[in-house]
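Peer 1: Quick one: the structure is below, and I'll ask about it shortly.
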Amino acid sequence: MKYIDEFRDGELARGLAAAIERAARARREYRFMEFCGGHTHAIARYGVSDLLPPGVRMIHGPGCPVCVLPIGRIDMAIRLALEAGVILCSYGDPLRVPASHGQSLLRAKATLGRPGSTGGEIRMVYSCADALTVAQQQPARQVVFFAIGFETTTPPTAVVIKQAQALGLRNFSVLCCHVLTPSAIASILESPEVRQWGSVPLDGFVGPAHVSTIIGTRPYEFFAEEYRKPVVIAGFEPLDVLQAILMLIEQVNAGRACVENQFRRAVTREGNLKAQQVVAEVFELRRSFAWRGLGELPYSALRIRSNFAEFDAERRFSIDYQAVPDHPACECGAILRGVKRPAECRIFGSVCTPENPIGSCMVSAEGACAAHYSYGRLSGQSLSQPRESAVNR
Amino acid sequence: MSSVRKGYVRPLDLKHGRVDLTHGSGGRAMAQLIEELFARRLGNAYLGQGNDAAVVPIPPGRLVVSTDGHVVAPLFFPGGDIGCLAVHGTINDVAVLGATPLYLAAGFILEEGFPLADLARIVDSMAEAASAAGVPVVTGDTKVVEQGKADGIYITTTGIGVVADGADYSGDRARVGDRIIVSGTIGEHGMAVLAQRESIGFSAAIRSDTAALHGLIASMRASGAAIRVLRDPTRGGVATTLNEIARQSGVGMMLQESALPILPEVTAACEFLGLDPLYVANEGKILAIVAAEDADGLLATMHAHPLGRRAALIGSVHADAQHFVQMTTTLGGRRIVDWLTGEQLPRIC
């Protein structure tokens with residue numbers, strides 16, 4: 001398919017892999033974190049790690065919006081449907097995330113009535129605009145959109161809130177759980193483990209693709225400089241990731257730490273100013289927000305401004321966030337910070353599997369543990385190779 | 001099936017009428033529904049016997065029986081509907097065991113209020129599919145449940161066929177070195193239904209591949225190729241079916257991503273929704289595991305059949321104590337093609 005195949009070309013990949021091999025210095029280890037779940041998924045799905053020399057290691061970061069959503073936030077969404085009786089509209093991603101008391105949105109959905117009944121309801125939507133449509137079609141029902149995601153999904157949420165205001169809708173509100181990428185990266189660099197050990201075991205970052213189309217490359221300049229870590233913004237296709245790794249190795253070798261943009265076909269330094277403007281109009285910074293696995297991070301999330309208070313589900317239904325501790329054996333926090341690998345968690349693959357996820361990293365296909373479980377369990381193991389290839393002819 | 005005297009009952013209103021509880025009560029209304037709607041469309045000598053069961057002749061061989069419940073939403077989708085799907089699905093389940101499908105039985109659960117026009121359209125589609133396949137519906141049953149207790153209509157079909165001695169296609173017969181063939185492009189049924197269900201307006205409509213495969217399978221059997229396993233990759237798609245076979249046979253598999261036949265519109269829709277075509281349902285495709293030396297011959301036979309024109313060799317069977325299905329990606333890396341976890345849900349990022 002045009003515009004897809006070009007970025008998954010095997011020959012170009014081999015060329016980039018050879019260039020990485022040449023650039024990587026022998027006897028030195030390069031540890032890069034790909035921040036986004038999209039990159040984690042691309043690396044796992046296309047077997048990118050198989051093309052890297054042994055000294056180059058990729059560490060999966062916390063950039064999966066579902067993975068960093070704390071249990072207490074899912075609980076709020078479930079309470080809205082079960083107790084406040086609203087029609088809760090959610091993206092598909094959070095539906096299977098484990099919440100308190102063995103609940104999840106999917107399980108709560110099964111206990112609720114059929115569509116059309118008067119009780120609460122949980123619906124999967126593909127866009128926040130679909131949630132707005134539900135509110136218009138069902139004026140007698142309260143409709144809440146469960147808004148999650150990084151800067152990519154924030155502008156559309158801002159737009160529907162403005163539309164709801166323009167339409168004078170009294171039955172639509174948003175449970176805002178939008179979070180900010182730069183603060184998460186900063187927190188990884190300042191995590192307790194890091195302070196304890198004195199230095200971060202990271203040599204650089206593959207920076208977000210879609211998020212950067214909105215915020216631009218400028219927000220990363222601060223910590224590239226402050227923490228002396230190179231950042232290369234990269235697209236979500238496998239060739240993008242390979243090229244970004246090559247660019248990072250070159251920066252490390254040259255002793256540079258700057259922000260470079262591999263994803264120039266979509267990202268500028270300033271980003272999407274119109275989107276930034278609508279986000280600033282509707283949202284403001286939260287003083288603090290709980291991230292699953294990372295804890296309370298200052299100024300790391302958004303909430304709805306008071307001008308739009310009537311569209312804020314937290315205010316409309318007076319529900320509070322209640323912190324819920326993660327499973328004690330779960331290592332998601334350390335994995336999200338790149339301190340541990342999925343396989344180093346005691347419950348990985350035994351108690352915690354994609355069928356029965358305990359930690360958030362196992363829930364979403366983009367989570368570090370799920371990606372490793374689904375695509376990468378073989379890495380490091382000795383493999384029985386097929387003796388001949390059946391279809392390479 | 002009792003006969004209703006003409007003149008006593010107004011004919012069914014197939015334009016505006018709806019199923020009501022009397023249609024399942026065993027009285028005149030039910031007899032009328034059966035006679036005017038079902039028997040008229042599905043009619044054949046066996047159904048015409050009018051008993052609660054049909055007496056049918058069976059040629060020599062071993063009997064193969066399969067049953068399948070159909071609960072698809074939406075009921076009508078590009079390329080098909082629940083009616084033809086209920087016929088094709090069960091015929092295929094019988095045919096992949098190497099059997100010749102002979103007869104079908106059909107059970108309908110109807111929700112009170114279901115439009116008779118839709119029911120007629122569905123039964124028409126079943127009749128057309130059954131007649132095209134040469135496999136008649138010889139007996140049936142209808143129940144009506146109160147509004148809210150079902151989703152319009154559910155159809156369960158049971159198929160009977162016979163298989164000759166010596167023809168054994170079972171999931172536990174794949175051997176190291178065998179080749180894996182798929183009969184055509186994958187993922188169309190699941191994407192057609194999903195696009196319709198979620199009202200996602202893709203500019204190029206994807207049509208379901210629903211089809212009866214016994215003709216293609218008969219020609220594959222006639223080719224004399226040493227076929228070990230035949231399976232239709234329906235729910236869970238090619239990935240799930242291959243994992244089942246790998247576990248049953250105690251082997252591993254290696255696929256070649258570049259060899260997978262996928263229509264560009266399916267690739268595009270899957271990219272858009274964050275789905276993997278390997279896990280999307282098919283209703284008119286076969287996976288065949290065949291001895292390596294017969295793979296080319298079998299492929300040629302399949303290419304000569306209208307339902308196998310885009311058949312492709314997609315991988316091979318190898319020894320693996322953990323029974324993993326793996327794939328060499330277009331990039332040259334390797335990944336596991338795992339069992340499907342839960343339902344494939346579209347992703348946002």
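So you can find residues: chains in the structure tokens are A, B, ... in the order shown, residues in each start at 1, and ligands are numbered from 1 in order.
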Could you write out as a list in words the residues of chain A within 7 Å of chain B, counting only C-alpha atoms?

Peer 2: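 Residues of chain A within 7 Å of chain B, counting only C-alpha atoms: Met1, Arg8, Asp9, Gly10, Ala13, Gly38, Ala44, Arg45, Tyr46, Gly47, Val48, Asp50, Leu51, Tyr91, Gly92, Asp93, Pro354, Glu355, Ser374, Tyr375, Gly376, Ser384, Pro386, Ala390 and Val391 of chain A.
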
Peer 1: Please extract the residues of region 228-346 of chain A with a backbone DSSP assignment of strand (DSSP E or B) and present them as a list in words.

Peer 2: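 Answer for region 228-346 of chain A, restricted to strand (DSSP E or B): Val231, Val232, Ile233, Val259, Glu260, Asn261, Phe283, Glu284, Leu285, Ser288, Phe289, Ala290, Trp291, Gly295, Glu296, Leu297, Pro298, Ala301, Leu302, Arg303, Ile304 and Asp312 of chain A.
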
Peer 1: Would you list the contacts of region 222-239 of chain B as JSON, numbers by chain, taking every protein, DNA or RNA residue within 9 Å and counting only C-alpha atoms, but skipping same-chain residues closer than 2 positions in sequence?

Peer 2: {"B": [89, 92, 93, 95, 96, 97, 98, 168, 169, 170, 171, 172, 173, 174, 175, 178, 182, 186, 187, 189, 190, 217, 218, 219, 220, 241, 242, 243, 244, 245, 277, 278, 279, 280, 281, 282, 283, 284, 285, 286, 287, 288, 289, 290, 291, 292, 293, 294, 295, 297, 298, 301, 325, 337, 338, 339, 340, 343, 344]}

Peer 1: Write out as a VMD selection string the residues lying within 12 Å of Gly63 (chain A), counting only C-alpha atoms and excluding same-chain residues fewer than 3 positions away.

Peer 2: (chain A and resid 33 to 41 59 to 60 66 to 69 149 to 152 179 to 185 188 205 to 211 291 to 294 335 to 338 360 to 361 364 366 to 368) or (chain B and resid 349)

Peer 1: Now that the selection is made, can you save its residues with C-alpha atoms as a CSV table (one decimal), in the first residue's frame?

Peer 2:
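The resulting selection.csv:
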```csv
chain,number,residue,atom,x,y,z
A,33,MET,CA,14.3,4.7,25.5
A,34,GLU,CA,11.5,4.8,23.0
A,35,PHE,CA,9.0,6.9,24.9
A,36,CYS,CA,5.8,6.1,22.9
A,37,GLY,CA,3.8,3.0,22.9
A,38,GLY,CA,3.6,3.4,19.1
A,39,HIS,CA,7.3,2.9,18.8
A,40,THR,CA,7.2,0.0,21.2
A,41,HIS,CA,4.6,-1.6,19.1
A,59,ILE,CA,14.1,0.4,26.7
A,60,HIS,CA,10.3,0.7,26.5
A,66,VAL,CA,-3.7,3.4,28.9
A,67,CYS,CA,-0.7,2.1,30.8
A,68,VAL,CA,-0.2,5.2,32.9
A,69,LEU,CA,-3.9,5.6,33.7
A,149,GLY,CA,-4.4,10.2,26.1
A,150,PHE,CA,-1.4,12.4,25.5
A,151,GLU,CA,-1.2,15.7,23.5
A,152,THR,CA,-2.4,13.9,20.4
A,179,VAL,CA,-1.6,13.9,30.4
A,180,LEU,CA,1.5,15.7,29.2
A,181,THR,CA,4.5,14.0,27.6
A,182,PRO,CA,7.4,16.3,28.6
A,183,SER,CA,6.6,16.1,32.3
A,184,ALA,CA,6.6,12.3,32.1
A,185,ILE,CA,10.0,12.2,30.4
A,188,ILE,CA,11.9,9.4,34.4
A,205,PHE,CA,15.3,9.2,23.7
A,206,VAL,CA,13.4,8.3,20.6
A,207,GLY,CA,10.9,11.1,20.9
A,208,PRO,CA,7.1,10.9,20.2
A,209,ALA,CA,5.7,11.0,16.7
A,210,HIS,CA,2.1,12.0,16.9
A,211,VAL,CA,2.4,14.0,20.1
A,291,TRP,CA,0.3,8.3,37.0
A,292,ARG,CA,0.2,4.6,37.3
A,293,GLY,CA,3.7,3.3,38.0
A,294,LEU,CA,5.2,6.8,38.2
A,335,ILE,CA,9.4,-1.1,33.9
A,336,LEU,CA,7.8,2.2,32.9
A,337,ARG,CA,10.9,4.1,34.1
A,338,GLY,CA,13.2,1.7,32.2
A,360,SER,CA,-1.1,-1.8,33.3
A,361,CYS,CA,1.8,-2.6,31.0
A,364,SER,CA,-2.7,-2.4,26.1
A,366,GLU,CA,1.3,-1.0,23.2
A,367,GLY,CA,2.3,-1.7,26.8
A,368,ALA,CA,5.9,-2.8,27.3
B,349,CYS,CA,-2.7,6.0,19.3
```

Peer 1: CA of Asn356 (chain A) to CA of Ile74 (chain A): how many Å, to one decimal?

Peer 2: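 Interatomic distance here is 16.9 Å.
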
Peer 1: Please, what distance in Å, to one decimal, runs between CA of Arg107 (chain A) and CA of Leu95 (chain A)?

Peer 2: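 Interatomic distance here is 8.5 Å.
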
Peer 1: Using only C-alpha atoms, which residues sit within 12 Å of Phe38 (chain B) once same-chain residues fewer than 3 positions away are excluded, as a PyMOL selection string?

Peer 2: chain B and resi 1+12+30-35+41-44+47-48+106-108+116+119-127+137-142

Peer 1: Please extract the residues of region 89-251 of chain A with a backbone DSSP assignment of helix (DSSP H, G or I) and present them as a PyMOL selection string.

Peer 2: chain A and resi 93-96+100-102+105-111+128-137+154-167+181-189+192-197+210-215+218-226+238-251
